[in-house]
Structure formats: structure tokens, C-alpha cells
Amino acid sequence: MAVVLGFGMLASSNAAPLGATETTTIRSTCWMSGSLSDDIATAIRSSGRWTCGDPIYSLEGERALLRFDISADDPLPRYLFSRRSPLATVHLLAVDRDGAIRQTSLPAGELSSALSGGYFKAPLPTVDRQTQQVVVAFDFPSHRMTLERAYLAPSDLSSGPDFLRSMLLLATLAGMLSMPLIFNTAFYRILREPFVLWHSLLTISLLLTILVSSGLAVVLFDPPAMTLSWMTTVIFGLTVASGAMFTHSFIEPGRLHPFLRRSLAYCAVWALFLSTSHAAFPFVGRSFQSTAYTAAFAPVIVIFILSLSDALRRGSRAAKFQAIGYMPIILVGLIRLITGVVPALHSNDVMILFYVGCVFEVLFTTLGVADRFMTIKRQRDHARFEADMLERLSERDALTGLLNRRAMEQNFERFRAEGYHALAVLDLDHFKSVNDLHGHLVGDAVLKAVAQALQADAHVQAFRLGGEEFVLLVRGEDAQARAERRRQSISAIVANAAPGLGSPVTASMGLVLASSGTDPEFTELYDQADKLLYNAKQAGRNRTITASAQVCLNSPDRSPLIGRTLRPEQLRASA
């Protein structure tokens, strides 16, 4: 990683744009500062005003002039190239050896974008072998890089192998940045976490940065240079803001100090404010604005570094991926900050290192998002499993393991839809005497044995409502026989599970058969089965009374089974 970053720094320190060669470019040798009221032709003849050598450029004056000396060995230049930044007008003058001057002027809105990433170009007046110097005057330049990176060249980047290779690499990088958007779309459909959206916005802003800061934008839609200039500024702020919010939401809860987490949100707002205000008002404090703008991002870089350090110290797994993925981008920010603030250093945007940083961001933060996605998914799946277990436990009787009344009432419609048309209410006969004579432990054993006798199968659902009362839901043509077999098996199974009771444990049952043409509520069926159970108790216990729900529901007083003699097919008793 150190080797890659070191290579990126060395490559980025070269002032020539991507694809430009030093053998075809002419750099300025001297510069001066002046006012708009100065006559340019007169000013350039004042040799005492020129500063030559390795100058430190200043934006104090309203106008900055650069002088390019043309030697006999230099290729004849046709264009001025320089870094895009807001300015008012560019004046271009060709000075011949006999003193003749040819001049053209271009307002900022007419400057074209160069294929060299981040540069504009302006055609020079006619330059021939009699031309001794080319002087370029910038009215209201807003960034030192416009002066530092200016050069003359015969043409824009050619469509040769080097240019095509560089475009292919940039297009590949753009394609790599598009892949996380596909993954994030899939992730967000399953797990709607905000960090997925912020990572998508960060990826889009990086993709836009590559587009507007390279020759891709010129190849694709060729916007004016000043349009790309303000777009670059706004997109940069969006990149910083989305990166801050991604970190804010990506670091796990409890793994980042609350103050730092809040600070990241403030950094996002601050970055958007800085970029939009700087793009909208580039000339408010022109002489110092670009330096102040660059320095204003220093707290953001500090917060980023502190946040990742604190998250790593607290054991954040997400921060490990993010620290590696953000390392080149943070280094880019530090280099831009130092070179943009220190007057003795030439400003450097280290674009090649920035492209390397984009690769790191794509690889590692996408891996981090996928890892976090899987972690959260496992946590949610575990939580859902526990919730399902608790739900199941809440529907089970703790003593017997049978379903309880809550489960029966909540699922009754489903049971009816599955064909459970018979409902039986059972009650143990004289169960209180079992507890009184043998104790509650024996009573509990009896209840467990009853649950075993009433065991559920594919056609029977068994429930314990409380105490010694049970309910059966039965389906099939032989529903009545199935329920009756279970009731009659209680005595034998209880005697085997709890010997020494002295007398057999029996049960009484009321059974209601609901026809397929009716759709009664649970409370209706239960109420009528309970009345049938009461009749069975009154008739001597240890028996079943069965009736059709159709007859019950059609009775005017809804209680036809009390004090009424039923027909043989409606009333059956067994002992």
C-alpha cells in the first residue's frame, strides 16, 4: 500500500496534465501583477515589473500576466492551456521580435474545455518564427493554479495511443464505481439501512468527479470550461458531505463517540455550504478566497481522522474497511490542504492519487458495506428467530406443552379454513379431589397425562384453556369418533402415568359439529360446546354430548341445549 501511495504521490506531483509531454509544452518564465486600468501592451514592455525565476504567484492584483519566451527550437504553440477556475477574461498577445503585437481576448464564458483533465484551452493569435514572446493576461483570476499550471502547446491531446489508453483507464474506473450502485440496490431492497443510500450517493459523487475532472466530460458532451469549473466545486462538496454521512451511519452503534458522530453530520453541512457558496460567489474575496476555502476543510479532515481512529480503538469492524478505503482520499485531502494554504508551495490536486483513492474506496468500502450487511442480516435473523420462539412460547401452555387459548383464538380462522369443523370442550371429572387428596404435584402429573391422551396429529389440534379444561379442534368425516377415542383414552393413560390414585380419572365432553355451509365465530362454537359439556356433567359425567352447530345457530334464543330434549341424531351420550 505504501508503494502504491508513494507512486501516486510522485506521479501526481508532475505539473503536466495527463497526456501532455514536456517536449511540446512551453512554460512561463516571468509574471507580473497589475490593474485593469493598465494598458497591457505598455505593461509588458516595462522590464522592471516582471518577476522571473521560480516565482510565488499572488492574486492581490486585479490582473496577472504571464510571459512565455519562444525560442527557435520550440514547436510553435497554437493554444494556451491552464487549470479551470473562475476568472473574468483572458487576453492573449503574440509579440514579434520587431515589436509587433497581435492580441485576442476571450471572456470566461467562451473558454473551451481541454481534453486534458481539469484544463481549459484558448486559441492564441498567430504565432510564427518571428514571435519572440507570448503574453497571457488573466483578469480576476481566483486560484493560483491557473497561473502555476499555464502552458502553451501546439494542440490539445491527440487521439493517439496514449490518449486512448488514458480514456480507457478512466472509463474502466468509472465502470468500477458503477458496480457498487448495483450491489447497493440489491442490499437496500433486503436491508433498508441509511448507510447504503449514503454509500450510493458517495459513489455517484466520485463518479461525477471523475467525469468532470477528466477528459471524459469533453468527449461525451463538451460543456464550457467555466461550467465544469463550478460543477467540480459543487460535486467536491457533495463528495465530502456524502462521505461524512456514510461514516456517520456506517460505524456501528456504540463504536464511535457521540460527539464525533454528531460532528460528522456537521461536517457534511459545512462541506455543502462551503462548496456551494464558493461556486456561487467566487470573486467575493478573490485574493484570499481560494486559500480560505481550502483551509476551511481542515476541520473536516481532522474529524474524519479522529472518527476512524476512535472507531478502530473501540473495535469497530466497519472502520477497518473504511480506514483502508479512505486512506488515499484522506492523503489527497492533506496534500491539497498543505499545498493550497502554504504560499511557498505550488498548489497540487494530485489527481492520479485521487484516482487511486477511488479504486481503494470502491474495493474496500464496498466490501465493508457487504460485510456490515451480512452482520446486520445475521443479527436481524437471530432477533426474528428469538421473536418467533417467544411467539411460539406465548402460544403454548407451560405445563402440558399444548396450545393455549391465545393460540386458538388468533388462529381459529385458519383452522376453520383448513377444515377443522368440530369443536369439543373437555373437563376432568372431580379433578379438585385429586389435588386435595394427592397434592398439586400429582395433579400436574395428571394434567400432563391428559395432554398426552389428547395429543395433536394431522387431524386434531389440542388446547389447554386453564385448570382441567381442554379443547379439541377436529376435522374429517370421523371427527366425532376421533374426539371420543381421545376422551376415553384419558383414564388408561392417567392410570399409567399416575398410579395409586385409587379411582380412575374421567372426563366429560361437549362436541359441536359445524356444517360446511356455516361459518360461526369461535365464541359461538365454544359457548355451545360449553353448554353441551354442562349437560354432560348434569347427565352423570364421563360422557359426551354432541350436537350440530346448524341447529344451535338457528335457535331463536341461541341456547337450545339447556332444558330442551334433543332428537336422537343430535344427542348421543357415552359412558
# chains A, B, ... in the order shown; residues from 1 in each chain; ligands from 1
>>> residues_around(residues="stretch 473-483 of chain A", least_positions_apart="3", cutoff="7 Å", atoms="only C-alpha atoms", output="PyMOL selection string")
chain A and resi 419-424+459-462+486-487
>>> residues_around(residues="stretch 521-525 of chain A", least_positions_apart="5", cutoff="12 Å", atoms="only C-alpha atoms", output="short mmCIF file (atom, residue, chain, number, x, y, z; two decimals) with all heavy atoms, in the first residue's frame")
data_model
loop_
_atom_site.label_atom_id
_atom_site.label_comp_id
_atom_site.auth_asym_id
_atom_site.auth_seq_id
_atom_site.Cartn_x
_atom_site.Cartn_y
_atom_site.Cartn_z
N ARG A 405 -55.28 -20.83 24.89
CA ARG A 405 -56.46 -20.14 24.35
C ARG A 405 -56.05 -19.04 23.37
O ARG A 405 -56.72 -18.83 22.35
CB ARG A 405 -57.29 -19.55 25.50
CG ARG A 405 -58.60 -18.92 25.02
CD ARG A 405 -59.37 -18.29 26.16
NE ARG A 405 -60.67 -17.83 25.68
CZ ARG A 405 -61.84 -18.31 26.07
NH1 ARG A 405 -61.88 -19.31 26.95
NH2 ARG A 405 -62.97 -17.83 25.59
N ARG A 406 -54.96 -18.34 23.65
CA ARG A 406 -54.50 -17.27 22.76
C ARG A 406 -54.22 -17.82 21.36
O ARG A 406 -54.61 -17.22 20.35
CB ARG A 406 -53.24 -16.63 23.34
CG ARG A 406 -52.64 -15.51 22.49
CD ARG A 406 -51.49 -14.86 23.24
NE ARG A 406 -50.94 -13.75 22.49
CZ ARG A 406 -49.92 -13.85 21.64
NH1 ARG A 406 -49.36 -15.04 21.44
NH2 ARG A 406 -49.47 -12.79 21.01
N MET A 408 -55.48 -20.48 20.04
CA MET A 408 -56.72 -20.94 19.42
C MET A 408 -57.52 -19.76 18.85
O MET A 408 -58.00 -19.81 17.72
CB MET A 408 -57.56 -21.70 20.45
CG MET A 408 -58.87 -22.23 19.89
SD MET A 408 -59.69 -23.37 21.02
CE MET A 408 -59.81 -22.37 22.49
N GLU A 409 -57.63 -18.69 19.61
CA GLU A 409 -58.43 -17.56 19.15
C GLU A 409 -57.76 -16.85 17.97
O GLU A 409 -58.44 -16.43 17.03
CB GLU A 409 -58.64 -16.59 20.31
CG GLU A 409 -59.57 -17.13 21.40
CD GLU A 409 -59.74 -16.15 22.53
OE1 GLU A 409 -58.93 -15.19 22.62
OE2 GLU A 409 -60.68 -16.31 23.33
N GLN A 410 -56.43 -16.71 18.02
CA GLN A 410 -55.74 -15.99 16.95
C GLN A 410 -55.71 -16.79 15.65
O GLN A 410 -55.66 -16.20 14.56
CB GLN A 410 -54.31 -15.66 17.38
CG GLN A 410 -54.22 -14.56 18.42
CD GLN A 410 -52.79 -14.12 18.66
OE1 GLN A 410 -51.84 -14.79 18.26
NE2 GLN A 410 -52.63 -12.99 19.32
N ASN A 411 -55.73 -18.10 15.74
CA ASN A 411 -55.60 -18.94 14.54
C ASN A 411 -56.88 -19.68 14.18
O ASN A 411 -56.86 -20.56 13.33
CB ASN A 411 -54.47 -19.96 14.75
CG ASN A 411 -53.12 -19.30 14.98
OD1 ASN A 411 -52.53 -18.76 14.08
ND2 ASN A 411 -52.65 -19.36 16.22
N PHE A 412 -57.99 -19.33 14.83
CA PHE A 412 -59.22 -20.08 14.61
C PHE A 412 -59.67 -20.00 13.15
O PHE A 412 -60.10 -21.02 12.56
CB PHE A 412 -60.34 -19.57 15.53
CG PHE A 412 -61.62 -20.34 15.39
CD1 PHE A 412 -61.72 -21.63 15.90
CD2 PHE A 412 -62.71 -19.78 14.74
CE1 PHE A 412 -62.90 -22.34 15.76
CE2 PHE A 412 -63.90 -20.48 14.60
CZ PHE A 412 -63.98 -21.77 15.12
N GLU A 413 -59.58 -18.81 12.52
CA GLU A 413 -60.00 -18.68 11.14
C GLU A 413 -59.17 -19.57 10.23
O GLU A 413 -59.68 -20.18 9.28
CB GLU A 413 -59.89 -17.22 10.70
CG GLU A 413 -60.84 -16.27 11.40
CD GLU A 413 -62.29 -16.62 11.14
OE1 GLU A 413 -62.58 -17.12 10.03
OE2 GLU A 413 -63.14 -16.41 12.04
N ARG A 414 -57.87 -19.65 10.49
CA ARG A 414 -57.01 -20.53 9.69
C ARG A 414 -57.39 -21.99 9.88
O ARG A 414 -57.45 -22.76 8.91
CB ARG A 414 -55.53 -20.30 10.07
CG ARG A 414 -54.57 -21.22 9.32
CD ARG A 414 -53.13 -20.83 9.60
NE ARG A 414 -52.80 -20.96 11.01
CZ ARG A 414 -52.41 -22.12 11.57
NH1 ARG A 414 -52.34 -23.23 10.85
NH2 ARG A 414 -52.11 -22.15 12.86
N PHE A 415 -57.65 -22.37 11.15
CA PHE A 415 -58.05 -23.76 11.41
C PHE A 415 -59.36 -24.08 10.68
O PHE A 415 -59.51 -25.16 10.09
CB PHE A 415 -58.22 -23.99 12.90
CG PHE A 415 -56.90 -24.01 13.66
CD1 PHE A 415 -56.78 -23.36 14.89
CD2 PHE A 415 -55.80 -24.67 13.17
CE1 PHE A 415 -55.59 -23.38 15.59
CE2 PHE A 415 -54.61 -24.70 13.86
CZ PHE A 415 -54.50 -24.05 15.07
N ARG A 416 -60.31 -23.14 10.72
CA ARG A 416 -61.58 -23.38 10.03
C ARG A 416 -61.35 -23.52 8.53
O ARG A 416 -61.95 -24.38 7.88
CB ARG A 416 -62.54 -22.22 10.30
CG ARG A 416 -63.13 -22.22 11.68
CD ARG A 416 -64.24 -23.25 11.84
NE ARG A 416 -65.37 -22.95 10.95
CZ ARG A 416 -66.12 -23.87 10.36
NH1 ARG A 416 -65.85 -25.15 10.54
NH2 ARG A 416 -67.13 -23.53 9.59
N TYR A 420 -61.12 -27.78 9.99
CA TYR A 420 -61.45 -28.19 11.37
C TYR A 420 -62.86 -27.69 11.70
O TYR A 420 -63.05 -26.55 12.11
CB TYR A 420 -60.42 -27.62 12.36
CG TYR A 420 -59.04 -28.25 12.22
CD1 TYR A 420 -58.09 -27.70 11.37
CD2 TYR A 420 -58.72 -29.39 12.94
CE1 TYR A 420 -56.83 -28.26 11.24
CE2 TYR A 420 -57.46 -29.97 12.82
CZ TYR A 420 -56.53 -29.41 11.96
OH TYR A 420 -55.28 -29.99 11.84
N HIS A 421 -63.85 -28.55 11.51
CA HIS A 421 -65.25 -28.13 11.65
C HIS A 421 -65.88 -28.58 12.96
O HIS A 421 -67.02 -28.24 13.24
CB HIS A 421 -66.09 -28.68 10.49
CG HIS A 421 -66.13 -30.18 10.45
ND1 HIS A 421 -65.12 -30.94 9.89
CD2 HIS A 421 -67.06 -31.06 10.92
CE1 HIS A 421 -65.43 -32.23 9.99
NE2 HIS A 421 -66.60 -32.33 10.62
N ALA A 422 -65.16 -29.38 13.76
CA ALA A 422 -65.72 -29.86 15.03
C ALA A 422 -64.93 -29.26 16.19
O ALA A 422 -63.69 -29.23 16.17
CB ALA A 422 -65.66 -31.38 15.09
N LEU A 423 -65.64 -28.77 17.21
CA LEU A 423 -65.01 -28.20 18.40
C LEU A 423 -65.56 -28.93 19.63
O LEU A 423 -66.78 -29.03 19.80
CB LEU A 423 -65.28 -26.71 18.50
CG LEU A 423 -64.59 -25.96 19.65
CD1 LEU A 423 -64.25 -24.54 19.22
CD2 LEU A 423 -65.44 -25.91 20.93
N ALA A 424 -64.64 -29.44 20.47
CA ALA A 424 -65.03 -30.18 21.68
C ALA A 424 -64.41 -29.52 22.90
O ALA A 424 -63.24 -29.13 22.87
CB ALA A 424 -64.58 -31.64 21.59
N VAL A 425 -65.19 -29.37 23.95
CA VAL A 425 -64.70 -28.86 25.23
C VAL A 425 -64.72 -30.01 26.22
O VAL A 425 -65.77 -30.65 26.42
CB VAL A 425 -65.57 -27.69 25.73
CG1 VAL A 425 -65.05 -27.19 27.08
CG2 VAL A 425 -65.59 -26.56 24.72
N VAL A 471 -59.65 -28.16 25.05
CA VAL A 471 -60.44 -28.01 23.84
C VAL A 471 -59.78 -28.80 22.72
O VAL A 471 -58.54 -28.82 22.61
CB VAL A 471 -60.58 -26.53 23.42
CG1 VAL A 471 -61.16 -26.39 22.01
CG2 VAL A 471 -61.47 -25.79 24.41
N LEU A 472 -60.59 -29.44 21.89
CA LEU A 472 -60.12 -30.14 20.70
C LEU A 472 -60.77 -29.52 19.47
O LEU A 472 -61.98 -29.23 19.47
CB LEU A 472 -60.47 -31.63 20.75
CG LEU A 472 -59.78 -32.48 21.83
CD1 LEU A 472 -60.31 -33.91 21.76
CD2 LEU A 472 -58.28 -32.46 21.67
N LEU A 473 -59.95 -29.29 18.43
CA LEU A 473 -60.47 -28.96 17.10
C LEU A 473 -60.17 -30.16 16.22
O LEU A 473 -59.02 -30.61 16.11
CB LEU A 473 -59.79 -27.71 16.54
CG LEU A 473 -60.16 -26.37 17.18
CD1 LEU A 473 -59.38 -25.24 16.53
CD2 LEU A 473 -61.65 -26.11 17.06
N GLY A 510 -68.33 -31.86 25.63
CA GLY A 510 -69.39 -31.34 24.77
C GLY A 510 -68.81 -31.09 23.40
O GLY A 510 -67.79 -30.41 23.26
N LEU A 511 -69.43 -31.64 22.36
CA LEU A 511 -68.89 -31.59 20.99
C LEU A 511 -69.90 -30.95 20.06
O LEU A 511 -71.06 -31.36 20.00
CB LEU A 511 -68.56 -33.01 20.51
CG LEU A 511 -68.08 -33.15 19.07
CD1 LEU A 511 -66.76 -32.42 18.86
CD2 LEU A 511 -67.93 -34.63 18.71
N VAL A 512 -69.46 -29.92 19.32
CA VAL A 512 -70.30 -29.23 18.34
C VAL A 512 -69.72 -29.50 16.97
O VAL A 512 -68.54 -29.29 16.72
CB VAL A 512 -70.34 -27.71 18.61
CG1 VAL A 512 -71.13 -27.01 17.51
CG2 VAL A 512 -70.95 -27.42 19.96
N LEU A 513 -70.57 -29.96 16.05
CA LEU A 513 -70.20 -30.21 14.66
C LEU A 513 -70.77 -29.10 13.80
O LEU A 513 -71.98 -28.97 13.66
CB LEU A 513 -70.74 -31.57 14.21
CG LEU A 513 -70.23 -32.80 15.00
CD1 LEU A 513 -70.97 -34.05 14.54
CD2 LEU A 513 -68.73 -32.96 14.83
N ALA A 514 -69.86 -28.28 13.23
CA ALA A 514 -70.30 -27.18 12.37
C ALA A 514 -70.32 -27.66 10.93
O ALA A 514 -69.34 -28.21 10.43
CB ALA A 514 -69.36 -25.98 12.50
N SER A 515 -71.43 -27.48 10.24
CA SER A 515 -71.54 -27.93 8.86
C SER A 515 -70.71 -27.04 7.95
O SER A 515 -70.35 -25.91 8.28
CB SER A 515 -73.00 -27.92 8.43
OG SER A 515 -73.50 -26.59 8.43
N ASP A 530 -69.57 -25.57 25.33
CA ASP A 530 -69.51 -25.47 26.79
C ASP A 530 -70.88 -25.81 27.40
O ASP A 530 -70.96 -26.45 28.47
CB ASP A 530 -69.07 -24.06 27.17
CG ASP A 530 -68.78 -23.95 28.67
OD1 ASP A 530 -67.93 -24.73 29.15
OD2 ASP A 530 -69.39 -23.09 29.32
N LYS A 531 -71.96 -25.41 26.74
CA LYS A 531 -73.30 -25.77 27.24
C LYS A 531 -73.56 -27.27 27.12
O LYS A 531 -74.20 -27.89 27.98
CB LYS A 531 -74.34 -24.97 26.48
CG LYS A 531 -74.31 -23.48 26.82
CD LYS A 531 -75.18 -22.67 25.89
CE LYS A 531 -75.09 -21.19 26.24
NZ LYS A 531 -75.82 -20.33 25.31
N LEU A 532 -73.04 -27.86 26.01
CA LEU A 532 -73.15 -29.31 25.88
C LEU A 532 -72.36 -30.02 26.98
O LEU A 532 -72.79 -31.05 27.52
CB LEU A 532 -72.65 -29.76 24.50
CG LEU A 532 -73.50 -29.33 23.29
CD1 LEU A 532 -72.78 -29.66 22.01
CD2 LEU A 532 -74.87 -30.01 23.34
N ALA A 547 -73.83 -32.21 19.28
CA ALA A 547 -74.92 -31.54 18.57
C ALA A 547 -74.38 -30.87 17.34
O ALA A 547 -73.17 -30.60 17.22
CB ALA A 547 -75.61 -30.54 19.48
N SER A 548 -75.28 -30.60 16.41
CA SER A 548 -74.90 -29.89 15.19
C SER A 548 -74.97 -28.38 15.43
O SER A 548 -75.94 -27.88 15.98
CB SER A 548 -75.84 -30.28 14.05
OG SER A 548 -75.61 -29.44 12.93
N ALA A 549 -73.96 -27.69 14.98
CA ALA A 549 -73.95 -26.23 15.15
C ALA A 549 -75.05 -25.58 14.36
O ALA A 549 -75.53 -24.50 14.71
CB ALA A 549 -72.60 -25.66 14.73
N GLN A 550 -75.53 -26.25 13.28
CA GLN A 550 -76.59 -25.66 12.47
C GLN A 550 -77.86 -25.49 13.30
O GLN A 550 -78.52 -24.44 13.26
CB GLN A 550 -76.88 -26.58 11.27
CG GLN A 550 -77.89 -26.02 10.29
CD GLN A 550 -77.31 -24.87 9.49
OE1 GLN A 550 -76.13 -24.88 9.18
NE2 GLN A 550 -78.13 -23.88 9.19
N VAL A 551 -78.19 -26.50 14.08
CA VAL A 551 -79.37 -26.41 14.94
C VAL A 551 -79.20 -25.34 15.99
O VAL A 551 -80.09 -24.55 16.28
CB VAL A 551 -79.65 -27.79 15.59
CG1 VAL A 551 -80.79 -27.69 16.59
CG2 VAL A 551 -79.96 -28.83 14.52
N CYS A 552 -78.01 -25.28 16.57
CA CYS A 552 -77.75 -24.30 17.64
C CYS A 552 -77.89 -22.88 17.12
O CYS A 552 -78.51 -22.03 17.75
CB CYS A 552 -76.37 -24.50 18.22
SG CYS A 552 -76.07 -26.15 18.91
N LEU A 553 -77.31 -22.63 15.92
CA LEU A 553 -77.30 -21.27 15.42
C LEU A 553 -78.66 -20.81 14.94
O LEU A 553 -78.96 -19.63 14.89
CB LEU A 553 -76.27 -21.15 14.26
CG LEU A 553 -74.82 -21.37 14.68
CD1 LEU A 553 -73.93 -21.39 13.45
CD2 LEU A 553 -74.38 -20.30 15.65
N ASN A 554 -79.51 -21.78 14.58
CA ASN A 554 -80.84 -21.41 14.11
C ASN A 554 -81.85 -21.25 15.24
O ASN A 554 -82.99 -20.87 15.00
CB ASN A 554 -81.36 -22.46 13.12
CG ASN A 554 -80.61 -22.41 11.80
OD1 ASN A 554 -80.02 -21.39 11.49
ND2 ASN A 554 -80.65 -23.50 11.03
N ARG A 558 -80.59 -18.81 20.96
CA ARG A 558 -79.17 -19.13 20.92
C ARG A 558 -78.75 -20.07 22.04
O ARG A 558 -77.57 -20.26 22.28
CB ARG A 558 -78.29 -17.86 21.00
CG ARG A 558 -78.37 -16.98 19.77
CD ARG A 558 -77.38 -17.45 18.74
NE ARG A 558 -77.35 -16.56 17.59
CZ ARG A 558 -76.37 -16.53 16.73
NH1 ARG A 558 -75.36 -17.34 16.88
NH2 ARG A 558 -76.41 -15.72 15.71
N SER A 559 -79.69 -20.63 22.83
CA SER A 559 -79.33 -21.56 23.90
C SER A 559 -80.30 -22.73 23.90
O SER A 559 -81.02 -22.95 24.86
CB SER A 559 -79.33 -20.83 25.25
OG SER A 559 -80.60 -20.24 25.47
#
>>> select_by_dssp(residues="stretch 266-486 of chain A", states="strand (DSSP E)", output="ChimeraX atom specification")
/A:420-428,460-466,469-475
>>> atom_distance(atom1="atom CA of A:Arg261", atom2="atom CA of A:Gly340")
27.9 Å
>>> atom_distance(atom1="atom CA of A:Cys52", atom2="atom CA of A:Leu66")
9.9 Å
>>> decode(residues="stretch 194-208 of chain A", atoms="N, CA, C and O atoms", output="compact mmCIF listing (two decimals), in the first residue's frame")
# COMPACT_ATOMS: atom_id res chain seq x y z
N PRO A 194 -29.73 3.25 6.23
CA PRO A 194 -29.37 4.52 5.58
C PRO A 194 -27.95 4.55 5.03
O PRO A 194 -27.68 5.25 4.05
N PHE A 195 -27.01 3.78 5.63
CA PHE A 195 -25.63 3.85 5.14
C PHE A 195 -25.53 3.33 3.71
O PHE A 195 -24.61 3.72 2.97
N VAL A 196 -26.45 2.47 3.28
CA VAL A 196 -26.44 2.00 1.89
C VAL A 196 -26.75 3.16 0.94
O VAL A 196 -26.11 3.31 -0.11
N LEU A 197 -27.70 4.00 1.31
CA LEU A 197 -28.04 5.17 0.48
C LEU A 197 -26.89 6.16 0.45
O LEU A 197 -26.55 6.71 -0.61
N TRP A 198 -26.28 6.40 1.61
CA TRP A 198 -25.16 7.35 1.65
C TRP A 198 -23.97 6.82 0.85
O TRP A 198 -23.26 7.60 0.19
N HIS A 199 -23.73 5.53 0.90
CA HIS A 199 -22.63 4.96 0.11
C HIS A 199 -22.94 5.09 -1.38
O HIS A 199 -22.04 5.35 -2.19
N SER A 200 -24.20 4.93 -1.76
CA SER A 200 -24.57 5.11 -3.16
C SER A 200 -24.34 6.56 -3.59
O SER A 200 -23.82 6.82 -4.69
N LEU A 201 -24.73 7.51 -2.74
CA LEU A 201 -24.51 8.92 -3.06
C LEU A 201 -23.03 9.23 -3.14
O LEU A 201 -22.58 9.98 -4.02
N LEU A 202 -22.22 8.66 -2.24
CA LEU A 202 -20.77 8.86 -2.29
C LEU A 202 -20.21 8.31 -3.59
O LEU A 202 -19.36 8.94 -4.25
N THR A 203 -20.66 7.13 -3.98
CA THR A 203 -20.18 6.53 -5.22
C THR A 203 -20.55 7.38 -6.43
O THR A 203 -19.74 7.60 -7.34
N ILE A 204 -21.79 7.89 -6.45
CA ILE A 204 -22.23 8.74 -7.56
C ILE A 204 -21.40 10.02 -7.61
O ILE A 204 -20.99 10.47 -8.70
N SER A 205 -21.12 10.62 -6.46
CA SER A 205 -20.35 11.86 -6.45
C SER A 205 -18.91 11.62 -6.91
O SER A 205 -18.33 12.45 -7.63
N LEU A 206 -18.32 10.48 -6.52
CA LEU A 206 -16.98 10.14 -7.03
C LEU A 206 -17.01 9.92 -8.54
O LEU A 206 -16.09 10.34 -9.26
N LEU A 207 -18.05 9.27 -9.00
CA LEU A 207 -18.19 9.05 -10.44
C LEU A 207 -18.32 10.37 -11.19
O LEU A 207 -17.69 10.57 -12.24
N LEU A 208 -19.10 11.29 -10.64
CA LEU A 208 -19.24 12.61 -11.26
C LEU A 208 -17.93 13.39 -11.21
O LEU A 208 -17.59 14.12 -12.15
